[in-house]
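Undergrad: Have a look at the structure that comes next, please.
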Number of protein chains: 4
Amino acid sequence: MTNTPTTTKRGRPRLPEVDQAILNAALELVGEVGINKMSMDELARRADVAKATIYRRWSSKEALILDALTSAMSPIDDADTGSLHGDLMSYLGELIARFDQNSMNDILPHLIEAGCHDPAIRASLDDYVRFRRQPLERIYERALSRSELSSDADIGVLIDAIIGPFVYRRLLSHGPIDTAFVHRLVAVIHPDAK
Amino acid sequence: MTNTPTTTKRGRPRLPEVDQAILNAALELVGEVGINKMSMDELARRADVAKATIYRRWSSKEALILDALTSAMSPIDDADTGSLHGDLMSYLGELIARFDQNSMNDILPHLIEAGCHDPAIRASLDDYVRFRRQPLERIYERALSRSELSSDADIGVLIDAIIGPFVYRRLLSHGPIDTAFVHRLVAVIHPDAK
Amino acid sequence: MTNTPTTTKRGRPRLPEVDQAILNAALELVGEVGINKMSMDELARRADVAKATIYRRWSSKEALILDALTSAMSPIDDADTGSLHGDLMSYLGELIARFDQNSMNDILPHLIEAGCHDPAIRASLDDYVRFRRQPLERIYERALSRSELSSDADIGVLIDAIIGPFVYRRLLSHGPIDTAFVHRLVAVIHPDAK
Amino acid sequence: MTNTPTTTKRGRPRLPEVDQAILNAALELVGEVGINKMSMDELARRADVAKATIYRRWSSKEALILDALTSAMSPIDDADTGSLHGDLMSYLGELIARFDQNSMNDILPHLIEAGCHDPAIRASLDDYVRFRRQPLERIYERALSRSELSSDADIGVLIDAIIGPFVYRRLLSHGPIDTAFVHRLVAVIHPDAK
DNA sequence: AGTTAAGCGAGACGGTACGTCGTGTCTTGTG
DNA sequence: CACAAGACACGACGTACCGTCTCGCTTAACT
């Protein structure tokens with residue numbers, strides 16, 4: 001009994017390196033000129049690929065950029081340091097590093113807007129959000145089991161309170177996102193920790 | 001000889017109602033199709049105005065949209081209720097109402113991206129951000145003078161911690177933004193208040 | 001009382017020189033690469049004009065080419081030389097000159113095919129055909145009034161018999177189209193003339 | 001040791017029915033949409049054949065269409081009826097029938113144009129033209145030997161004068177091509193015959 | 001019987017052109 | 001001058017077609 005997919009592979013297979021060439025060129029271009037100014041013609045030129053080849057693989061510019069983005073997205077581990085404070089400092093330190101990379105910077109706002117009209121993009125963006133929240137969920141559950149939090153704490157709101165200020169600084173207030181910020185933020189939300 | 005201002009007004013004066021017609025049509029259109037899909041031709045059609053008339057008043061699509069946005073922006077007063085908790089609940093209650101209006105919803109992400117490339121937009125957006133932070137600054141300064149906060153509290157981070165989660169829920173996690181959320185958030189950041 | 005056209009001219013008038021620039025570039029290009037290989041992008045480049053400007057004025061490549069063609073089309077006068085033979089020799093001498101110009105050469109076959117599917121082109125082509133037949137009609141009517149033809153002669157068929165061989169030589173048999181050919185053809189169809 | 005032809009046939013032989021399927025589909029398609037609008041992708045779909053299979057057998061669209069055309073081309077015999085008039089009427093009657101079939105109608109103009117740029121097509125088209133002239137050459141040679149023509153008659157021009165009007169009517173003036181036309185045309189060119 | 005060369009359907013691929021749309025500027029005529 | 005109307009240059013859009021190129025499979029002919 002084989003578990004091959006229902007449809008037998010027919011015709012010439014898509015070149016696997018083409019996907020990567022396009023995604024790389026897309027990230028490069030978005031970094032240079034921004035999403036709105038990125039043209040599919042230029043992208044095709046950069047990736048050394050025909051425009052039709054791009055549209056064969058992605059249905060829209062947004063879908064492509066979302067893929068490019070998630071392809072460049074690396075997970076953040078939630079190291080168990082033995083305390084809520086240590087866990088948070090470790091995670092947020094990594095989060096700072098991710099924010100410093102330029103991949104997500106200019107891209108996020110556009111994706112949010114695109115998501116207003118395109119359900120597929122909205123769904124992928126939601127995935128991304130969950131992907132970033134999960135480590136914090138585990139961190140707070142460990143804190144609960146260590147009794148570092150009262151048992152009626154609302155973990156969802158805690159996570160909003162931790163991540164929200166990062167997003168807000170990055171997108172709107174343009175305050176620095178550094179270790180000092182992390183320390184002060186954690187001190188505000190968990191004044192008793194460590 | 002007249003003592004009109006330095007530059008004598010010559011030629012036909014601009015019709016004052018035209019500005020409003022354009023701004024209203026812009027808000028309407030952005031709400032329907034989003035900023036990127038809003039075209040200046042369609043806008044001119046909706047406002048029953050010539051395209052040149054729009055460009056005579058605004059230098060670019062972004063500048064126009066920014067104006068449309070701020071024209072729809074109403075201030076939030078920081079009522080002095082006598083306590084930090086009361087002040088916050090009052091302010092955040094108003095903020096919820098503002099978020100429920102659709103003016104800023106889809107617009108914000110695009111403005112952020114546009115601001116990456118256009119310094120004028122960036123500046124106006126920064127103004128908007130300060131405009132929203134100011135009431136909170138006054139609230140926290142009153143709290144300091146009432147000794148509801150320790151004297152070394154970092155007001156900037158406190159404001160980030162309050163506003164950040166709102167922005168994050170609106171743009172990314174899509175959690176509800178309601179009174180319950182406000183209560184929980186304030187309980188997390190100021191557990192001892194009231 | 002004015003007899004201005006029903007619709008008052010509004011908006012910026014079309015630049016009159018643009019039409020000619022496009023038509024000239026079209027004739028030039030068609031002469032170089034043929035109709036099928038003529039691209040609208042290249043045409044726009046040559047005419048120093050935006051592609052949209054072309055499509056604002058002509059609905060299709062064929063319609064444009066037809067216009068280019070007829071714009072380059074000069075009428076042939078039917079000089080009354082006093083005899084059928086003289087009239088024919090005069091007209092056909094001019095016709096030879098027209099065939100030698102390259103305007104109509106490669107264009108005709110394509111227009112014919114385009115006319116199979118596009119009624120507007122078919123109509124314009126019919127106009128062209130009538131335009132070329134008219135002088136012959138007058139020539140044969142004069143010959144009738146001079147009693148150089150029997151009164152039951154079928155002028156339509158006579159014209160077919162005169163023009164047909166020219167078209168056939170040009171398009172298919174590629175025989176020479178010169179004075180000798182004209183003499184022999186007239187000798188075949190009107191052996192008694194002059 | 002075998003004395004097979006120089007190149008031994010190796011590998012799977014070409015399916016013989018595929019050629020006909022392609023040619024038939026090509027004629028069908030050309031009749032429907034014209035040559036320029038006929039796409040090789042659609043042709044492959046219609047013939048239920050892979051595009052590569054087409055290009056394995058013909059080097060270009062034009063070559064294929066030319067083959068499709070000549071495959072549908074049937075010869076016209078020059079029956080010896082004993083008189084020039086009878087021979088012509090017999091031949092031209094057959095020619096009418098050929099013109100009524102749709103095979104050559106829309107195809108001819110395109111072939112002519114294609115022949116301007118592609119020498120192979122030009123050559124094949126010239127073959128076709130000779131193919132249609134040959135019976136007339138034999139008819140006129142018989143007429144000469146019967147002394148129905150003066151010995152200095154220019155047979156080439158006579159043939160042009162006979163065929164030219166047919167081509168002209170079919171392609172340009174769109175006059176009827178029927179027995180009445182044949183009678184009148186022959187009466188014009190050979191007024192004394194029969 | 002196994003090997004090998006080619007035929008074949010399917011469809012990806014690089015190009016090139018298509019006809020449309022959007023932006024910001026301009027040029028008319030009219031108020 | 002302002003304004004409506006709309007032409008204009010520029011450039012991106014997403015699609016269609018051409019002719020070529022892999023794929024996996026099939027079909028003979030030659031070992």
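Residues in the structure tokens are named by chain (A, B, ... in the order shown) and by number from 1 within that chain; ligands are numbered from 1 in the order shown.
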Chain C residues within 7 Å of chain D, counting only C-alpha atoms: which ones, as a ChimeraX atom specification?

TA: /C:106,109-110,112-113,126,129,157,160-161,164-165,167-168,171-173,184-185,188-189

Undergrad: If you keep N, CA and C atoms, can you produce a file of those selected residues as a JSON list (two decimals), in the first residue's frame?

TA:
[["chain", "number", "residue", "atom", "x", "y", "z"],
["C", 106, "ASP", "N", 2.75, 44.85, -48.64],
["C", 106, "ASP", "CA", 2.61, 43.79, -47.63],
["C", 106, "ASP", "C", 1.34, 43.96, -46.84],
["C", 109, "PRO", "N", -2.63, 41.92, -47.97],
["C", 109, "PRO", "CA", -3.05, 40.58, -47.56],
["C", 109, "PRO", "C", -3.52, 40.54, -46.12],
["C", 110, "HIS", "N", -2.80, 41.24, -45.26],
["C", 110, "HIS", "CA", -3.19, 41.20, -43.86],
["C", 110, "HIS", "C", -4.54, 41.85, -43.65],
["C", 112, "ILE", "N", -6.92, 42.02, -45.70],
["C", 112, "ILE", "CA", -7.97, 41.12, -46.19],
["C", 112, "ILE", "C", -8.32, 40.10, -45.13],
["C", 113, "GLU", "N", -7.30, 39.52, -44.51],
["C", 113, "GLU", "CA", -7.59, 38.53, -43.48],
["C", 113, "GLU", "C", -8.28, 39.18, -42.29],
["C", 126, "ASP", "N", -13.43, 47.75, -48.33],
["C", 126, "ASP", "CA", -14.36, 47.89, -49.44],
["C", 126, "ASP", "C", -14.34, 49.31, -49.98],
["C", 129, "VAL", "N", -11.43, 49.64, -52.17],
["C", 129, "VAL", "CA", -11.64, 48.98, -53.46],
["C", 129, "VAL", "C", -12.49, 49.86, -54.38],
["C", 157, "VAL", "N", -17.65, 43.67, -65.00],
["C", 157, "VAL", "CA", -16.72, 42.59, -65.37],
["C", 157, "VAL", "C", -15.50, 43.15, -66.08],
["C", 160, "ASP", "N", -13.21, 44.29, -63.41],
["C", 160, "ASP", "CA", -12.56, 43.11, -62.81],
["C", 160, "ASP", "C", -11.45, 42.59, -63.71],
["C", 161, "ALA", "N", -11.74, 42.58, -65.00],
["C", 161, "ALA", "CA", -10.76, 42.01, -65.95],
["C", 161, "ALA", "C", -9.52, 42.88, -66.07],
["C", 164, "GLY", "N", -8.12, 42.96, -61.83],
["C", 164, "GLY", "CA", -7.81, 41.62, -61.33],
["C", 164, "GLY", "C", -6.40, 41.16, -61.65],
["C", 165, "PRO", "N", -5.97, 41.22, -62.89],
["C", 165, "PRO", "CA", -4.62, 40.76, -63.21],
["C", 165, "PRO", "C", -3.52, 41.53, -62.49],
["C", 167, "VAL", "N", -3.75, 42.79, -59.40],
["C", 167, "VAL", "CA", -3.74, 42.24, -58.04],
["C", 167, "VAL", "C", -3.11, 40.85, -58.03],
["C", 168, "TYR", "N", -3.51, 40.06, -59.00],
["C", 168, "TYR", "CA", -3.00, 38.68, -59.06],
["C", 168, "TYR", "C", -1.48, 38.66, -59.24],
["C", 171, "LEU", "N", 0.19, 39.87, -55.92],
["C", 171, "LEU", "CA", 0.06, 39.02, -54.74],
["C", 171, "LEU", "C", 0.54, 37.60, -54.97],
["C", 172, "LEU", "N", 0.32, 37.08, -56.17],
["C", 172, "LEU", "CA", 0.52, 35.65, -56.34],
["C", 172, "LEU", "C", 1.54, 35.26, -57.40],
["C", 173, "SER", "N", 1.32, 35.69, -58.64],
["C", 173, "SER", "CA", 2.22, 35.16, -59.67],
["C", 173, "SER", "C", 3.52, 35.93, -59.75],
["C", 184, "ARG", "N", 0.00, 44.68, -73.05],
["C", 184, "ARG", "CA", -0.50, 43.36, -73.44],
["C", 184, "ARG", "C", -1.88, 43.09, -72.86],
["C", 185, "LEU", "N", -2.08, 43.51, -71.62],
["C", 185, "LEU", "CA", -3.36, 43.27, -70.98],
["C", 185, "LEU", "C", -4.48, 44.01, -71.72],
["C", 188, "VAL", "N", -5.34, 42.36, -74.88],
["C", 188, "VAL", "CA", -6.15, 41.16, -74.73],
["C", 188, "VAL", "C", -7.62, 41.52, -74.54],
["C", 189, "ILE", "N", -7.87, 42.54, -73.72],
["C", 189, "ILE", "CA", -9.25, 42.82, -73.34],
["C", 189, "ILE", "C", -9.95, 43.73, -74.35]]

Undergrad: Which residues of chain F sit at most 9 Å from chain C, using only C-alpha atoms (C1' of nucleotides)? Give each one's shortest atom pair and distance in Å (one decimal place), in chain and ascending residue order, as a tab-separated table.

TA:
residue	atom	partner	partner_atom	distance
F:DA4	C1'	C:Gly11	CA	7.5
F:DA5	C1'	C:Gly11	CA	3.8
F:DG6	C1'	C:Gly11	CA	4.5
F:DA7	C1'	C:Arg12	CA	5.6
F:DC8	C1'	C:Thr53	CA	7.2
F:DA9	C1'	C:Ala50	CA	5.8
F:DC10	C1'	C:Ala50	CA	7.5

Undergrad: Neighbours of Pro135 of chain D within 8 Å (only C-alpha atoms (C1' of nucleotides); same-chain residues fewer than 3 positions away dropped), as a list in words?

TA: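 After dropping sequence-adjacent residues, the list is Ile76, Asp77, Asp78, Tyr91, Phe131, Arg132, Arg138 and Ile139 of chain D.
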
Undergrad: Neighbours of DA16 of chain F within 12 Å (only C-alpha atoms (C1' of nucleotides); same-chain residues fewer than 2 positions away dropped), as a ChimeraX atom specification?

TA: /A:52 /D:37-42 /E:16-19 /F:14,18

Undergrad: Both chains have the same sequence, so match all Cα atoms in order, fit chain A onto chain B by least squares, and return it as a short mmCIF file (atom, residue, chain, number, x, y, z; two decimals) with C-alpha atoms, in the first residue's frame.

TA:
data_model
loop_
_atom_site.label_atom_id
_atom_site.label_comp_id
_atom_site.auth_asym_id
_atom_site.auth_seq_id
_atom_site.Cartn_x
_atom_site.Cartn_y
_atom_site.Cartn_z
CA MET A 1 -1.19 97.91 10.60
CA THR A 2 -2.68 94.86 8.99
CA ASN A 3 -1.45 91.33 9.44
CA THR A 4 -2.65 90.16 6.03
CA PRO A 5 -0.48 87.48 4.49
CA THR A 6 2.42 88.56 2.33
CA THR A 7 0.89 87.40 -0.95
CA THR A 8 -2.30 89.13 -2.02
CA LYS A 9 -5.02 86.74 -3.09
CA ARG A 10 -5.14 86.71 -6.89
CA GLY A 11 -7.16 84.71 -9.36
CA ARG A 12 -10.27 82.73 -8.66
CA PRO A 13 -10.31 81.39 -5.13
CA ARG A 14 -10.50 77.67 -4.64
CA LEU A 15 -13.99 76.48 -3.89
CA PRO A 16 -13.95 75.51 -0.25
CA GLU A 17 -16.60 72.82 -0.64
CA VAL A 18 -14.41 71.00 -3.12
CA ASP A 19 -11.88 70.09 -0.45
CA GLN A 20 -14.55 68.51 1.68
CA ALA A 21 -16.16 66.71 -1.26
CA ILE A 22 -12.81 65.12 -2.10
CA LEU A 23 -11.95 64.22 1.47
CA ASN A 24 -15.36 62.68 2.04
CA ALA A 25 -15.22 60.69 -1.17
CA ALA A 26 -11.74 59.54 -0.24
CA LEU A 27 -12.84 58.27 3.16
CA GLU A 28 -15.81 56.57 1.57
CA LEU A 29 -13.70 54.91 -1.10
CA VAL A 30 -10.94 53.81 1.24
CA GLY A 31 -13.55 52.24 3.45
CA GLU A 32 -14.96 50.31 0.50
CA VAL A 33 -11.92 49.07 -1.38
CA GLY A 34 -8.89 49.93 0.71
CA ILE A 35 -6.16 52.39 0.05
CA ASN A 36 -4.21 50.51 -2.58
CA LYS A 37 -7.28 49.78 -4.67
CA MET A 38 -8.56 53.33 -4.48
CA SER A 39 -8.06 54.98 -7.84
CA MET A 40 -7.80 58.68 -8.40
CA ASP A 41 -10.08 58.44 -11.42
CA GLU A 42 -12.82 56.84 -9.36
CA LEU A 43 -12.21 59.34 -6.57
CA ALA A 44 -12.64 62.21 -9.01
CA ARG A 45 -15.85 60.62 -10.29
CA ARG A 46 -17.24 60.17 -6.78
CA ALA A 47 -16.35 63.66 -5.66
CA ASP A 48 -17.70 65.03 -8.94
CA VAL A 49 -14.47 66.82 -9.51
CA ALA A 50 -11.74 66.89 -12.17
CA LYS A 51 -8.63 64.88 -11.46
CA ALA A 52 -6.51 67.99 -11.97
CA THR A 53 -8.43 69.66 -9.16
CA ILE A 54 -7.32 66.95 -6.79
CA TYR A 55 -3.70 67.21 -7.83
CA ARG A 56 -3.89 70.98 -7.52
CA ARG A 57 -4.56 70.56 -3.82
CA TRP A 58 -2.57 67.47 -2.86
CA SER A 59 0.75 66.37 -4.23
CA SER A 60 0.16 62.66 -3.81
CA LYS A 61 -2.39 60.04 -2.98
CA GLU A 62 -0.79 59.53 0.41
CA ALA A 63 -0.89 63.20 1.31
CA LEU A 64 -4.55 63.28 0.39
CA ILE A 65 -5.41 60.23 2.42
CA LEU A 66 -3.50 61.56 5.38
CA ASP A 67 -5.54 64.74 5.20
CA ALA A 68 -8.74 62.77 4.86
CA LEU A 69 -7.74 60.82 7.89
CA THR A 70 -6.82 63.71 10.13
CA SER A 71 -9.94 65.55 9.01
CA ALA A 72 -11.91 62.64 10.44
CA MET A 73 -9.84 62.55 13.60
CA SER A 74 -11.50 63.68 16.80
CA PRO A 75 -9.56 64.46 19.98
CA ILE A 76 -9.89 62.43 23.16
CA ASP A 77 -10.24 64.48 26.31
CA ASP A 78 -8.48 63.44 29.46
CA ALA A 79 -11.19 63.87 32.05
CA ASP A 80 -9.84 64.29 35.57
CA THR A 81 -11.77 61.68 37.51
CA GLY A 82 -9.66 62.09 40.65
CA SER A 83 -7.68 58.89 40.31
CA LEU A 84 -5.23 57.32 37.88
CA HIS A 85 -7.45 54.30 37.48
CA GLY A 86 -10.51 56.42 36.70
CA ASP A 87 -8.60 58.61 34.28
CA LEU A 88 -7.21 55.62 32.42
CA MET A 89 -10.55 53.85 32.18
CA SER A 90 -12.14 57.00 30.85
CA TYR A 91 -9.45 57.60 28.23
CA LEU A 92 -9.18 54.00 27.12
CA GLY A 93 -12.95 53.74 26.86
CA GLU A 94 -12.86 56.57 24.37
CA LEU A 95 -9.90 54.99 22.57
CA ILE A 96 -11.93 51.81 22.08
CA ALA A 97 -14.69 53.84 20.48
CA ARG A 98 -12.16 55.43 18.11
CA PHE A 99 -10.77 52.06 17.14
CA ASP A 100 -14.26 50.84 16.38
CA GLN A 101 -14.77 53.54 13.81
CA ASN A 102 -13.37 52.32 10.56
CA SER A 103 -11.53 55.49 9.63
CA MET A 104 -8.15 54.55 10.98
CA ASN A 105 -8.29 50.81 10.57
CA ASP A 106 -7.05 49.96 7.13
CA ILE A 107 -5.38 53.30 6.76
CA LEU A 108 -2.78 53.12 9.48
CA PRO A 109 -0.58 50.36 7.98
CA HIS A 110 -0.42 52.05 4.63
CA LEU A 111 0.46 55.37 6.14
CA ILE A 112 3.25 53.76 8.08
CA GLU A 113 4.70 52.29 4.93
CA ALA A 114 4.23 55.51 2.97
CA GLY A 115 5.97 57.29 5.81
CA CYS A 116 9.07 55.17 5.21
CA HIS A 117 9.60 56.94 1.90
CA ASP A 118 7.79 60.25 2.25
CA PRO A 119 9.07 62.51 5.04
CA ALA A 120 5.96 64.69 4.94
CA ILE A 121 3.74 61.74 5.65
CA ARG A 122 6.10 60.53 8.30
CA ALA A 123 5.88 63.91 10.00
CA SER A 124 2.10 63.99 9.87
CA LEU A 125 1.89 60.50 11.23
CA ASP A 126 4.21 61.49 14.07
CA ASP A 127 1.87 64.37 14.79
CA TYR A 128 -0.99 61.94 14.98
CA VAL A 129 0.93 59.70 17.37
CA ARG A 130 1.75 62.64 19.65
CA PHE A 131 -1.86 63.73 19.43
CA ARG A 132 -2.93 60.39 20.87
CA ARG A 133 -0.20 60.31 23.52
CA GLN A 134 -0.80 63.77 24.97
CA PRO A 135 -3.88 62.96 27.07
CA LEU A 136 -2.00 60.05 28.62
CA GLU A 137 0.92 62.32 29.46
CA ARG A 138 -1.42 64.62 31.32
CA ILE A 139 -3.08 61.68 33.07
CA TYR A 140 0.25 60.35 34.30
CA GLU A 141 1.43 63.76 35.40
CA ARG A 142 -1.71 64.15 37.47
CA ALA A 143 -1.03 60.67 38.92
CA LEU A 144 2.46 61.77 39.84
CA SER A 145 1.16 64.88 41.57
CA ARG A 146 -1.33 62.68 43.44
CA SER A 147 1.60 60.40 44.39
CA GLU A 148 -0.13 57.46 42.77
CA LEU A 149 3.15 56.77 40.97
CA SER A 150 6.65 56.62 42.36
CA SER A 151 8.52 59.75 41.42
CA ASP A 152 11.03 57.88 39.25
CA ALA A 153 8.39 56.27 36.99
CA ASP A 154 9.16 56.44 33.29
CA ILE A 155 6.04 58.00 31.81
CA GLY A 156 7.12 57.35 28.24
CA VAL A 157 7.41 53.64 28.80
CA LEU A 158 4.13 53.60 30.71
CA ILE A 159 2.38 55.15 27.74
CA ASP A 160 4.02 52.67 25.37
CA ALA A 161 2.85 49.90 27.66
CA ILE A 162 -0.72 51.19 27.56
CA ILE A 163 -1.11 52.10 23.88
CA GLY A 164 1.18 49.44 22.44
CA PRO A 165 -1.11 46.52 23.23
CA PHE A 166 -4.04 48.30 21.60
CA VAL A 167 -2.11 48.82 18.38
CA TYR A 168 -0.78 45.29 18.50
CA ARG A 169 -4.24 43.77 18.94
CA ARG A 170 -5.72 45.89 16.20
CA LEU A 171 -2.99 45.27 13.67
CA LEU A 172 -1.58 41.86 14.43
CA SER A 173 -3.05 39.58 17.03
CA HIS A 174 -6.65 40.59 16.28
CA GLY A 175 -7.67 40.00 19.85
CA PRO A 176 -10.85 41.76 20.99
CA ILE A 177 -10.52 45.41 21.96
CA ASP A 178 -13.20 45.91 24.55
CA THR A 179 -13.79 46.89 28.17
CA ALA A 180 -12.66 43.52 29.45
CA PHE A 181 -9.35 43.98 27.65
CA VAL A 182 -8.96 47.43 29.10
CA HIS A 183 -9.59 46.18 32.62
CA ARG A 184 -7.10 43.36 32.32
CA LEU A 185 -4.45 45.54 30.74
CA VAL A 186 -4.72 48.19 33.42
CA ALA A 187 -4.68 45.48 36.06
CA VAL A 188 -1.41 44.18 34.63
CA ILE A 189 0.31 47.54 34.45
CA HIS A 190 -1.14 49.18 37.54
CA PRO A 191 -2.07 46.25 39.77
CA ASP A 192 -2.46 48.44 42.86
CA ALA A 193 -4.60 51.18 41.32
CA LYS A 194 -8.11 51.56 42.78
#

Undergrad: Write out as a list in words every residue belonging to chain E that has an atom at most 9 Å from any atom of chain A, counting only C-alpha atoms (C1' of nucleotides).

TA: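 My answer is DG9, DA10, DG11, DA12, DC13, DG14 and DG15 of chain E.
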
Undergrad: From a DSSP calculation on the backbone, collect every residue of segment 106-167 of chain A in alpha helix (DSSP H) and output the set as a ChimeraX atom specification.

TA: /A:107-117,119-145,155-167

Undergrad: Hey, can you spit out that residue selection with C-alpha atoms as a PDB file, in the first residue's frame?

TA:
ATOM      1  CA  ILE A 107       6.532  44.197   5.108  1.00  0.00           C
ATOM      2  CA  LEU A 108       4.273  43.893   8.104  1.00  0.00           C
ATOM      3  CA  PRO A 109       2.102  46.987   7.509  1.00  0.00           C
ATOM      4  CA  HIS A 110       1.452  46.071   3.919  1.00  0.00           C
ATOM      5  CA  LEU A 111       0.540  42.532   4.802  1.00  0.00           C
ATOM      6  CA  ILE A 112      -1.906  43.793   7.366  1.00  0.00           C
ATOM      7  CA  GLU A 113      -3.610  45.959   4.798  1.00  0.00           C
ATOM      8  CA  ALA A 114      -3.573  43.221   2.168  1.00  0.00           C
ATOM      9  CA  GLY A 115      -5.085  40.935   4.764  1.00  0.00           C
ATOM     10  CA  CYS A 116      -8.095  43.249   5.019  1.00  0.00           C
ATOM     11  CA  HIS A 117      -9.110  42.259   1.500  1.00  0.00           C
ATOM     12  CA  PRO A 119      -8.570  36.126   3.310  1.00  0.00           C
ATOM     13  CA  ALA A 120      -5.633  33.900   2.365  1.00  0.00           C
ATOM     14  CA  ILE A 121      -3.173  36.550   3.398  1.00  0.00           C
ATOM     15  CA  ARG A 122      -5.136  37.240   6.515  1.00  0.00           C
ATOM     16  CA  ALA A 123      -4.936  33.568   7.427  1.00  0.00           C
ATOM     17  CA  SER A 124      -1.205  33.380   6.813  1.00  0.00           C
ATOM     18  CA  LEU A 125      -0.624  36.483   8.838  1.00  0.00           C
ATOM     19  CA  ASP A 126      -2.656  34.995  11.675  1.00  0.00           C
ATOM     20  CA  ASP A 127      -0.441  31.940  11.481  1.00  0.00           C
ATOM     21  CA  TYR A 128       2.570  34.166  11.814  1.00  0.00           C
ATOM     22  CA  VAL A 129       1.079  35.899  14.841  1.00  0.00           C
ATOM     23  CA  ARG A 130       0.346  32.570  16.534  1.00  0.00           C
ATOM     24  CA  PHE A 131       3.836  31.424  15.640  1.00  0.00           C
ATOM     25  CA  ARG A 132       5.271  34.333  17.606  1.00  0.00           C
ATOM     26  CA  ARG A 133       2.872  33.938  20.536  1.00  0.00           C
ATOM     27  CA  GLN A 134       3.415  30.224  21.144  1.00  0.00           C
ATOM     28  CA  PRO A 135       6.752  30.455  22.960  1.00  0.00           C
ATOM     29  CA  LEU A 136       5.247  33.027  25.314  1.00  0.00           C
ATOM     30  CA  GLU A 137       2.313  30.740  26.010  1.00  0.00           C
ATOM     31  CA  ARG A 138       4.696  28.008  27.044  1.00  0.00           C
ATOM     32  CA  ILE A 139       6.727  30.430  29.148  1.00  0.00           C
ATOM     33  CA  TYR A 140       3.650  31.593  31.034  1.00  0.00           C
ATOM     34  CA  GLU A 141       2.387  28.071  31.537  1.00  0.00           C
ATOM     35  CA  ARG A 142       5.713  27.127  33.070  1.00  0.00           C
ATOM     36  CA  ALA A 143       5.431  30.232  35.287  1.00  0.00           C
ATOM     37  CA  LEU A 144       2.002  29.088  36.384  1.00  0.00           C
ATOM     38  CA  SER A 145       3.291  25.630  37.254  1.00  0.00           C
ATOM     39  CA  ILE A 155      -2.222  34.639  29.841  1.00  0.00           C
ATOM     40  CA  GLY A 156      -3.661  36.080  26.646  1.00  0.00           C
ATOM     41  CA  VAL A 157      -3.657  39.587  28.001  1.00  0.00           C
ATOM     42  CA  LEU A 158      -0.184  39.095  29.453  1.00  0.00           C
ATOM     43  CA  ILE A 159       1.119  38.161  26.031  1.00  0.00           C
ATOM     44  CA  ASP A 160      -0.628  41.151  24.457  1.00  0.00           C
ATOM     45  CA  ALA A 161       0.970  43.316  27.110  1.00  0.00           C
ATOM     46  CA  ILE A 162       4.417  41.944  26.305  1.00  0.00           C
ATOM     47  CA  ILE A 163       4.324  41.837  22.496  1.00  0.00           C
ATOM     48  CA  GLY A 164       2.060  44.833  21.940  1.00  0.00           C
ATOM     49  CA  PRO A 165       4.605  47.420  23.032  1.00  0.00           C
ATOM     50  CA  PHE A 166       7.214  45.926  20.713  1.00  0.00           C
ATOM     51  CA  VAL A 167       4.894  46.185  17.724  1.00  0.00           C
TER      52      VAL A 167
END
